[in-house]
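Visitor: I am attaching a structure below and will ask some questions about it afterwards.
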Amino acid sequence: QVQLVESGGGLVQAGGSLRLSCAASGSIFRINVMGWYRQAPGKQRELVAAIISTGSLNYADSVKGRFTISRDNAKNTVYLQMNSLKPEDTAVYYCNFEWMGHVYWGQGTQVTVSS
């Protein structure tokens, strides 16, 4: 059974940085798409960033230039480096893996940015 375990969330002041990690355990390999989504209170879950096995990247306009997604295929891990954080980045962040026609979600990690 595949499980995704996230880490790295927390409380940070505006302008600060955080790095999220998400590692997959279980029989999973050559993951096609690894991504990060977020959901703020009262809002729908939205895509933050995604990285495809080919190396192609996709970022939400609101995070371009501030966030960087990367992956370590050997460790089945995806990272999200978040710089210049803003209060509007406050949300629960979820990692998302697409593999063999299945979609897997992490449990979510809270990111809170104070002004």
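Naming works like this for the structure tokens: A, B, ... for the chains as they're shown, residue 1 at the start of each chain, ligands 1 onward in shown order.
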So that I can check the surroundings of stretch 25-39 of chain A, please list as an MDAnalysis selection string every protein, DNA and RNA residue that reaches within 6 Å of it, counting only C-alpha atoms and ignoring chain neighbours fewer than 5 positions away.
Guide: chainID A and resid 1:3 44:53 91:99
Visitor: Residues of chain A in strand (DSSP E) according to DSSP, as a PyMOL selection string?
Guide: chain A and resi 3-7+10-13+18-25+33-39+46-52+57-59+67-72+77-82+91-99+102-105+109-114
Visitor: Pick the closest to A:Val111 from A:Arg66, A:Lys86, A:Lys75, A:Lys43: which is it, counting only C-alpha atoms?
Guide: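 Looking only at the distances to A:Val111, the closest residue turns out to be A:Lys86.
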Visitor: Using only C-alpha atoms, can you tell me which of A:Thr68, A:Ser56, A:Asn73, A:Ser62 comes closest to A:Ala24?
Guide: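 Looking only at the distances to A:Ala24, the closest residue turns out to be A:Asn73.
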Visitor: Please, what distance in Å, to one decimal, runs between atom CA of A:Ala60 and atom CA of A:Ala74?
Guide: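 That distance, rounded to one decimal, is 26.3 Å.
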Visitor: Find the residue from A:Met100, A:Gln110, A:Val63, A:Thr54 that sits nearest to A:Leu20; use only C-alpha atoms when measuring.
Guide: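 For A:Leu20, the nearest of the candidates is A:Gln110.
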Visitor: Enter the distance from atom CA of A:Pro87 to atom CA of A:Gly55, in Å, rounded to one decimal.
Guide: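 Here the two named atoms are 29.7 Å from each other.
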Visitor: According to DSSP computed on the backbone, where in chain A is there helix (DSSP H, G or I)? Give the residues as a ChimeraX atom specification.
Guide: /A:73-75,87-89
Visitor: Go through A:Cys22, A:Gly65, A:Val5, A:Ala40 one by one, measure the shortest atom-to-atom distance of each to A:Thr112 using only C-alpha atoms, and give the residue with the smallest value.
Guide: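 Checking each candidate against A:Thr112, we get A:Ala40 as the closest.
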Visitor: Extract, using only C-alpha atoms, all DNA, RNA and protein residues at most 12 Å from A:Ser115, discarding same-chain residues fewer than 4 positions from it, and format them as JSON, numbers by chain.
Guide: {"A": [11, 12, 13, 14, 15, 16, 84, 85, 86, 87, 88, 89, 90]}
Visitor: Looking at A:Thr77, A:Asn83, A:Thr109, A:Asn58, which one is nearest to A:Gly8, with distances taken over only C-alpha atoms?
Guide: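 Nearest to A:Gly8: A:Thr109.
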Visitor: What does the distance between atom CA of A:Ala23 and atom CA of A:Pro41 come to in Å, to one decimal place?
Guide: 25.3 Å
